[in-house]
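Have a look at model.cif; it's mmCIF, C-alpha atoms:
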data_data
loop_
_atom_site.label_atom_id
_atom_site.label_comp_id
_atom_site.auth_asym_id
_atom_site.auth_seq_id
_atom_site.Cartn_x
_atom_site.Cartn_y
_atom_site.Cartn_z
CA MET A 1 78.17 143.16 60.63
CA LYS A 2 80.93 144.77 58.55
CA LYS A 3 78.34 145.87 55.99
CA LEU A 4 76.09 147.36 58.67
CA LEU A 5 79.00 149.19 60.30
CA ALA A 6 80.00 150.59 56.91
CA GLU A 7 76.43 151.84 56.39
CA PHE A 8 76.42 153.34 59.89
CA PHE A 9 79.67 155.24 59.37
CA GLY A 10 78.77 156.30 55.84
CA THR A 11 75.38 157.68 56.85
CA PHE A 12 76.92 159.35 59.90
CA TRP A 13 79.42 161.15 57.65
CA LEU A 14 76.71 162.19 55.19
CA VAL A 15 74.56 163.77 57.91
CA PHE A 16 77.44 165.18 59.93
CA GLY A 17 79.22 166.64 56.90
CA GLY A 18 76.24 167.69 54.82
CA CYS A 19 73.89 168.95 57.52
CA GLY A 20 76.84 170.22 59.54
CA SER A 21 77.92 172.45 56.68
CA ALA A 22 74.38 173.85 56.45
CA ILE A 23 74.14 174.44 60.20
CA PHE A 24 77.58 175.91 60.87
CA ALA A 25 78.92 177.33 57.63
CA ALA A 26 76.17 178.15 55.12
CA GLY A 27 75.28 181.57 56.45
CA TYR A 28 78.34 182.36 58.49
CA PRO A 29 78.77 186.16 58.55
CA GLU A 30 80.67 187.37 55.48
CA LEU A 31 82.40 184.02 54.90
CA GLY A 32 79.41 181.72 54.54
CA ILE A 33 79.66 178.90 51.99
CA GLY A 34 76.04 179.36 50.82
CA PHE A 35 73.93 176.87 48.86
CA VAL A 36 76.83 175.96 46.57
CA GLY A 37 79.06 175.07 49.49
CA VAL A 38 76.39 172.97 51.19
CA SER A 39 75.67 171.19 47.91
CA LEU A 40 79.34 170.35 47.50
CA ALA A 41 79.55 169.18 51.11
CA PHE A 42 76.75 166.64 50.63
CA GLY A 43 78.30 165.41 47.40
CA LEU A 44 81.74 165.13 48.97
CA THR A 45 80.46 163.09 51.91
CA VAL A 46 79.10 160.45 49.56
CA LEU A 47 82.09 160.58 47.22
CA THR A 48 84.63 160.14 50.03
CA MET A 49 82.77 157.35 51.84
CA ALA A 50 82.00 155.56 48.58
CA TYR A 51 85.72 155.02 48.17
CA ALA A 52 86.29 154.43 51.89
CA VAL A 53 83.68 151.72 52.52
CA GLY A 54 81.92 151.16 49.20
CA HIS A 55 83.82 147.90 48.73
CA VAL A 56 82.34 146.69 52.04
CA SER A 57 78.65 147.57 51.85
CA GLY A 58 78.06 149.11 48.43
CA ALA A 59 77.84 152.61 49.96
CA HIS A 60 74.08 153.11 50.13
CA PHE A 61 73.88 155.48 53.16
CA ASN A 62 70.21 156.03 52.35
CA PRO A 63 67.08 153.85 52.77
CA ALA A 64 65.76 155.01 49.38
CA VAL A 65 68.98 153.89 47.69
CA SER A 66 68.79 150.45 49.30
CA ILE A 67 65.16 150.07 48.25
CA GLY A 68 65.87 151.36 44.74
CA LEU A 69 68.73 148.91 44.31
CA TRP A 70 66.42 146.13 45.45
CA ALA A 71 63.82 147.24 42.87
CA GLY A 72 66.54 147.20 40.23
CA GLY A 73 67.52 143.65 41.12
CA LYS A 74 70.87 144.70 42.59
CA PHE A 75 70.24 144.11 46.29
CA PRO A 76 68.63 141.22 48.21
CA ALA A 77 65.40 141.90 50.10
CA LYS A 78 66.65 139.99 53.14
CA GLU A 79 69.31 142.67 53.79
CA LEU A 80 67.01 145.69 53.46
CA LEU A 81 65.87 145.95 57.08
CA GLY A 82 69.37 145.71 58.51
CA TYR A 83 70.70 148.36 56.14
CA ILE A 84 67.85 150.76 56.87
CA ILE A 85 68.24 150.37 60.63
CA ALA A 86 72.00 150.96 60.38
CA GLN A 87 71.42 154.05 58.24
CA LEU A 88 68.88 155.48 60.68
CA ILE A 89 71.17 154.90 63.66
CA GLY A 90 74.07 156.53 61.84
CA ALA A 91 71.91 159.54 61.01
CA PHE A 92 70.65 159.92 64.59
CA VAL A 93 74.13 159.64 66.11
CA ALA A 94 75.37 162.29 63.68
CA ALA A 95 72.46 164.58 64.55
CA GLY A 96 73.24 164.08 68.22
CA ALA A 97 76.88 165.06 67.61
CA LEU A 98 75.76 168.16 65.71
CA TYR A 99 73.46 169.08 68.60
CA LEU A 100 76.28 168.76 71.12
CA ILE A 101 78.45 171.05 69.02
CA ILE A 102 75.85 173.72 68.29
CA SER A 103 74.66 173.81 71.89
CA GLY A 104 78.18 174.81 72.95
CA LYS A 105 78.08 178.06 70.99
CA ASP A 106 78.17 181.23 73.06
CA GLY A 107 74.65 182.60 73.44
CA PHE A 108 72.98 179.37 72.31
CA THR A 109 69.22 179.36 72.77
CA ASP A 110 67.82 176.80 70.32
CA ILE A 111 68.85 174.80 67.26
CA GLY A 112 66.41 176.44 64.86
CA GLY A 113 65.61 174.46 61.72
CA PHE A 114 68.69 172.24 62.16
CA ALA A 115 68.93 171.67 58.38
CA ALA A 116 65.62 169.78 58.48
CA ASN A 117 63.47 169.30 55.39
CA GLY A 118 60.06 170.84 54.89
CA TYR A 119 57.42 172.23 52.59
CA GLY A 120 54.98 175.13 52.80
CA ALA A 121 55.99 177.38 55.70
CA LEU A 122 59.00 175.11 56.36
CA SER A 123 60.31 175.30 52.79
CA PRO A 124 63.27 177.69 52.43
CA GLY A 125 61.59 179.21 49.38
CA GLY A 126 57.98 178.75 50.46
CA TYR A 127 57.25 175.90 48.01
CA SER A 128 54.04 173.90 48.35
CA MET A 129 53.57 170.26 49.34
CA THR A 130 52.96 169.37 45.67
CA SER A 131 56.17 171.09 44.58
CA ALA A 132 58.12 169.26 47.28
CA LEU A 133 56.57 165.92 46.37
CA VAL A 134 57.37 166.27 42.67
CA ALA A 135 60.90 167.53 43.30
CA GLU A 136 61.82 164.80 45.78
CA PHE A 137 60.32 162.08 43.57
CA LEU A 138 62.11 163.17 40.40
CA LEU A 139 65.44 163.97 42.02
CA THR A 140 65.59 160.63 43.83
CA MET A 141 64.59 158.81 40.66
CA PHE A 142 67.48 160.36 38.74
CA PHE A 143 69.84 159.82 41.66
CA LEU A 144 69.10 156.09 41.51
CA LEU A 145 69.48 156.05 37.74
CA ILE A 146 72.94 157.59 38.22
CA ILE A 147 73.83 155.02 40.88
CA LEU A 148 72.54 152.05 38.90
CA GLY A 149 74.14 153.22 35.67
CA SER A 150 77.54 154.16 37.06
CA THR A 151 77.87 150.87 38.96
CA TYR A 152 76.73 148.74 36.01
CA PRO A 153 79.38 146.15 35.06
CA LYS A 154 79.92 147.70 31.62
CA ALA A 155 80.34 151.25 32.98
CA PRO A 156 83.87 152.71 33.21
CA LYS A 157 85.59 151.24 36.25
CA GLY A 158 86.54 153.30 39.28
CA PHE A 159 84.44 156.38 38.53
CA ALA A 160 81.12 155.48 40.14
CA GLY A 161 81.88 157.35 43.37
CA ILE A 162 82.66 160.52 41.45
CA ALA A 163 79.48 160.33 39.35
CA ILE A 164 77.32 159.62 42.40
CA GLY A 165 78.91 162.36 44.51
CA LEU A 166 78.57 164.94 41.77
CA GLY A 167 75.03 163.75 41.11
CA LEU A 168 74.11 164.43 44.73
CA THR A 169 75.80 167.84 44.49
CA LEU A 170 73.67 168.72 41.47
CA ILE A 171 70.53 167.52 43.24
CA HIS A 172 71.23 169.88 46.12
CA LEU A 173 72.00 172.79 43.80
CA ILE A 174 68.53 172.31 42.32
CA SER A 175 66.44 171.70 45.39
CA ILE A 176 67.83 173.34 48.54
CA PRO A 177 65.42 176.27 48.03
CA ILE A 178 62.49 173.87 47.57
CA THR A 179 62.78 171.43 50.49
CA ASN A 180 66.30 171.88 51.87
CA THR A 181 66.90 168.69 49.85
CA SER A 182 66.20 165.27 51.26
CA VAL A 183 66.28 162.40 48.72
CA ASN A 184 67.22 160.45 51.87
CA PRO A 185 64.67 159.43 54.52
CA ALA A 186 67.34 158.74 57.16
CA ARG A 187 68.82 162.23 56.81
CA SER A 188 65.34 163.76 56.98
CA THR A 189 64.25 161.78 60.02
CA SER A 190 67.24 162.53 62.22
CA GLN A 191 67.10 166.28 61.60
CA ALA A 192 63.31 166.53 61.93
CA ILE A 193 63.24 164.74 65.28
CA PHE A 194 65.90 167.03 66.72
CA ALA A 195 64.37 170.18 65.21
CA GLY A 196 60.90 169.32 66.52
CA GLY A 197 58.01 171.71 65.96
CA ASP A 198 56.13 171.01 62.73
CA TYR A 199 59.02 169.17 61.06
CA PRO A 200 58.17 165.62 62.24
CA ALA A 201 54.61 165.94 60.92
CA GLN A 202 56.00 166.51 57.41
CA LEU A 203 58.32 163.50 57.48
CA TRP A 204 55.85 161.31 55.60
CA LEU A 205 56.64 163.19 52.38
CA PHE A 206 60.39 162.69 52.79
CA TRP A 207 59.89 158.95 53.09
CA LEU A 208 57.15 158.53 50.47
CA ALA A 209 58.57 160.62 47.61
CA PRO A 210 62.21 159.41 47.73
CA ILE A 211 61.23 155.75 48.09
CA ALA A 212 58.67 155.99 45.28
CA GLY A 213 61.20 157.69 43.01
CA ALA A 214 63.85 155.10 43.85
CA ILE A 215 61.52 152.19 43.09
CA VAL A 216 60.51 153.68 39.74
CA ALA A 217 64.19 154.18 38.86
CA GLY A 218 64.93 150.58 39.80
CA PHE A 219 62.20 149.30 37.54
CA ILE A 220 63.28 151.61 34.68
CA HIS A 221 66.88 150.42 34.92
CA LYS A 222 65.85 146.79 35.13
CA ALA A 223 63.51 147.06 32.15
CA PHE A 224 65.53 149.24 29.77
CA PHE A 225 69.18 149.53 30.76
CA ASN A 226 70.10 146.31 32.54
CA LYS A 227 70.60 144.46 29.28
CA ASP A 228 73.67 142.75 27.89
#
What does this structure look like when you write it as structure tokens?
Amino acid sequence: MKKLLAEFFGTFWLVFGGCGSAIFAAGYPELGIGFVGVSLAFGLTVLTMAYAVGHVSGAHFNPAVSIGLWAGGKFPAKELLGYIIAQLIGAFVAAGALYLIISGKDGFTDIGGFAANGYGALSPGGYSMTSALVAEFLLTMFFLLIILGSTYPKAPKGFAGIAIGLGLTLIHLISIPITNTSVNPARSTSQAIFAGGDYPAQLWLFWLAPIAGAIVAGFIHKAFFNKD
């Protein structure tokens, strides 16, 4: 239960902090934080919670990370379902909190895109489904390679959270214009359900591509890097 609570709180913070920065601060008139600020916000959520609860649950906060760690031989299959459920609940509760906040704004009419992920007409830069699929696959694959490498027993101790947080920052700097950056099915699902419209119909890509990339990374690490 402690592990599941840690995953709940970690995923909540990732969605609340990362998506919250995109919703409230990215384009704020004259003082908006822009893509760079949102990228840093996502990275900082993972970095801070990695040190806060990483010793409890391993700080996955992402179904693709849990599955990738399983593929890399670093996580037991019997714990996968519980972790994924906890991550999804954390993401949905965070999205609900964001909705409550944004709906209290003077003149509120609707939540708009709500930092949801998309391709085609729903892509910030108008990128195609193929572009989104390739980007999400590759970025999640490298994200898992960073996680698996930085947490390897022979890696420098105490720096994994920094490497992982900065890795997620870099991922967002690359791909916000392409898909609004997912690499996390829980984060994508919570925002798409609240945003509605055509977003839920595109969710399949933001489950398929990150999970596929994570599994490939797990196998690569297991085959080539997980050697004494």
_Counting all atoms listed in the file, the option among A:Leu80, A:Val36, A:Val15, A:Val183 closest to Leu138 of chain A_ =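 The shortest atom-to-atom distance to Leu138 of chain A comes from A:Val183.
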For the file shown, report as a ChimeraX atom specification the outcome of the PyMOL selection byres ((chain A and resi 187) around 9) at residue level. /A:11,14-15,19,62,87-88,91-92,95,116-117,182-186,188-192
Exercise for the section: Excluding Leu98 of chain A and any residue of its chain fewer than 6 positions from it, enumerate the residues within 9 Å of it, using only C-alpha atoms, and give them as a list in words. Expected result: Phe16, Cys19, Gly20, Ile23 and Phe114 of chain A
### Message
Nearest residue to Asp110 of chain A out of A:Phe137, A:Phe194, A:Phe224, A:Phe75, using all atoms listed in the file?
### Response
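That would be A:Phe194, the residue with the smallest distance to Asp110 of chain A.
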Q) Out of A:Leu81, A:Val216, A:Ala41, A:Ala59, which residue has the shortest atom-to-atom distance to Gly10 of chain A when counting all atoms listed in the file? A)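 Among the listed residues, the smallest separation from Gly10 of chain A belongs to A:Ala59.
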With distances taken over all atoms listed in the file, the candidate from A:Val93, A:Leu144, A:Ile193, A:Ala160 nearest Leu69 of chain A is A:Leu144
Using the chain letters and numbers from the file, which residues does the PyMOL selection byres ((chain A and resi 46-57) around 9) grab, as a PDB file with C-alpha atoms, keeping the file's coordinate frame?
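For reference, result-v9.pdb as written:
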ATOM      1  CA  LYS A   2      80.930 144.770  58.550  1.00  0.00           C
ATOM      2  CA  LYS A   3      78.340 145.870  55.990  1.00  0.00           C
ATOM      3  CA  LEU A   4      76.090 147.360  58.670  1.00  0.00           C
ATOM      4  CA  LEU A   5      79.000 149.190  60.300  1.00  0.00           C
ATOM      5  CA  ALA A   6      80.000 150.590  56.910  1.00  0.00           C
ATOM      6  CA  GLU A   7      76.430 151.840  56.390  1.00  0.00           C
ATOM      7  CA  PHE A   9      79.670 155.240  59.370  1.00  0.00           C
ATOM      8  CA  GLY A  10      78.770 156.300  55.840  1.00  0.00           C
ATOM      9  CA  THR A  11      75.380 157.680  56.850  1.00  0.00           C
ATOM     10  CA  TRP A  13      79.420 161.150  57.650  1.00  0.00           C
ATOM     11  CA  LEU A  14      76.710 162.190  55.190  1.00  0.00           C
ATOM     12  CA  ALA A  41      79.550 169.180  51.110  1.00  0.00           C
ATOM     13  CA  PHE A  42      76.750 166.640  50.630  1.00  0.00           C
ATOM     14  CA  GLY A  43      78.300 165.410  47.400  1.00  0.00           C
ATOM     15  CA  LEU A  44      81.740 165.130  48.970  1.00  0.00           C
ATOM     16  CA  THR A  45      80.460 163.090  51.910  1.00  0.00           C
ATOM     17  CA  GLY A  58      78.060 149.110  48.430  1.00  0.00           C
ATOM     18  CA  ALA A  59      77.840 152.610  49.960  1.00  0.00           C
ATOM     19  CA  HIS A  60      74.080 153.110  50.130  1.00  0.00           C
ATOM     20  CA  PHE A  61      73.880 155.480  53.160  1.00  0.00           C
ATOM     21  CA  ALA A 160      81.120 155.480  40.140  1.00  0.00           C
ATOM     22  CA  GLY A 161      81.880 157.350  43.370  1.00  0.00           C
ATOM     23  CA  ILE A 162      82.660 160.520  41.450  1.00  0.00           C
ATOM     24  CA  ALA A 163      79.480 160.330  39.350  1.00  0.00           C
ATOM     25  CA  ILE A 164      77.320 159.620  42.400  1.00  0.00           C
ATOM     26  CA  GLY A 165      78.910 162.360  44.510  1.00  0.00           C
ATOM     27  CA  LEU A 166      78.570 164.940  41.770  1.00  0.00           C
ATOM     28  CA  LEU A 168      74.110 164.430  44.730  1.00  0.00           C
TER      29      LEU A 168
END
For the file shown, what are the residues hit by the PyMOL selection byres ((chain A and resi 143) around 10), laid out as a tab-separated table (two decimals) with C-alpha atoms, in the coordinates of the input?
chain	number	residue	atom	x	y	z
A	64	ALA	CA	65.76	155.01	49.38
A	65	VAL	CA	68.98	153.89	47.69
A	68	GLY	CA	65.87	151.36	44.74
A	137	PHE	CA	60.32	162.08	43.57
A	138	LEU	CA	62.11	163.17	40.40
A	139	LEU	CA	65.44	163.97	42.02
A	140	THR	CA	65.59	160.63	43.83
A	141	MET	CA	64.59	158.81	40.66
A	142	PHE	CA	67.48	160.36	38.74
A	144	LEU	CA	69.10	156.09	41.51
A	145	LEU	CA	69.48	156.05	37.74
A	146	ILE	CA	72.94	157.59	38.22
A	147	ILE	CA	73.83	155.02	40.88
A	148	LEU	CA	72.54	152.05	38.90
A	149	GLY	CA	74.14	153.22	35.67
A	163	ALA	CA	79.48	160.33	39.35
A	164	ILE	CA	77.32	159.62	42.40
A	165	GLY	CA	78.91	162.36	44.51
A	167	GLY	CA	75.03	163.75	41.11
A	168	LEU	CA	74.11	164.43	44.73
A	170	LEU	CA	73.67	168.72	41.47
A	171	ILE	CA	70.53	167.52	43.24
A	183	VAL	CA	66.28	162.40	48.72
A	210	PRO	CA	62.21	159.41	47.73
A	213	GLY	CA	61.20	157.69	43.01
A	214	ALA	CA	63.85	155.10	43.85
A	217	ALA	CA	64.19	154.18	38.86
As a check of understanding: the span from atom CA of Ser175 of chain A to atom CA of Ala26 of chain A is 15.2 Å
Contacts of Tyr127 of chain A at 12 Å (only C-alpha atoms; same-chain gap of 4+ positions) as a short mmCIF file (atom, residue, chain, number, x, y, z; two decimals) with C-alpha atoms, in the frame of the given file:
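Contents of the output file part_24.cif:
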data_model
loop_
_atom_site.label_atom_id
_atom_site.label_comp_id
_atom_site.auth_asym_id
_atom_site.auth_seq_id
_atom_site.Cartn_x
_atom_site.Cartn_y
_atom_site.Cartn_z
CA ASN A 117 63.47 169.30 55.39
CA GLY A 118 60.06 170.84 54.89
CA TYR A 119 57.42 172.23 52.59
CA GLY A 120 54.98 175.13 52.80
CA ALA A 121 55.99 177.38 55.70
CA LEU A 122 59.00 175.11 56.36
CA SER A 123 60.31 175.30 52.79
CA SER A 131 56.17 171.09 44.58
CA ALA A 132 58.12 169.26 47.28
CA LEU A 133 56.57 165.92 46.37
CA VAL A 134 57.37 166.27 42.67
CA ALA A 135 60.90 167.53 43.30
CA SER A 175 66.44 171.70 45.39
CA ILE A 176 67.83 173.34 48.54
CA PRO A 177 65.42 176.27 48.03
CA ILE A 178 62.49 173.87 47.57
CA THR A 179 62.78 171.43 50.49
CA ASN A 180 66.30 171.88 51.87
#
message: With distances taken over only C-alpha atoms, which residue among A:Trp207, A:Gly73, A:Phe8, A:Asp106 lies nearest Ile85 of chain A?
response: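 When distances to Ile85 of chain A are compared using only C-alpha atoms, the smallest one comes from A:Phe8.
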Quote the spacing between atom CA of Ala86 of chain A and atom CA of Lys74 of chain A in Å to one decimal place.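 So the answer is 18.9 Å.
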inquiry  = Just checking: using only C-alpha atoms, which residue out of A:Ala71, A:Ala201, A:Leu31, A:Ala195 ends up closest to Gly218 of chain A?
reply    =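 Of A:Ala71, A:Ala201, A:Leu31, A:Ala195, the one nearest Gly218 of chain A, counting only C-alpha atoms, is A:Ala71.
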What's the 8 Å shell around Ile102 of chain A, counting all atoms listed in the file, without same-chain residues fewer than 4 positions away, as an MDAnalysis selection string? chainID A and resid 24 98 108 111
Atom pair atom CA of Ile33 of chain A + atom CA of Gly90 of chain A, distance 25.1 Å
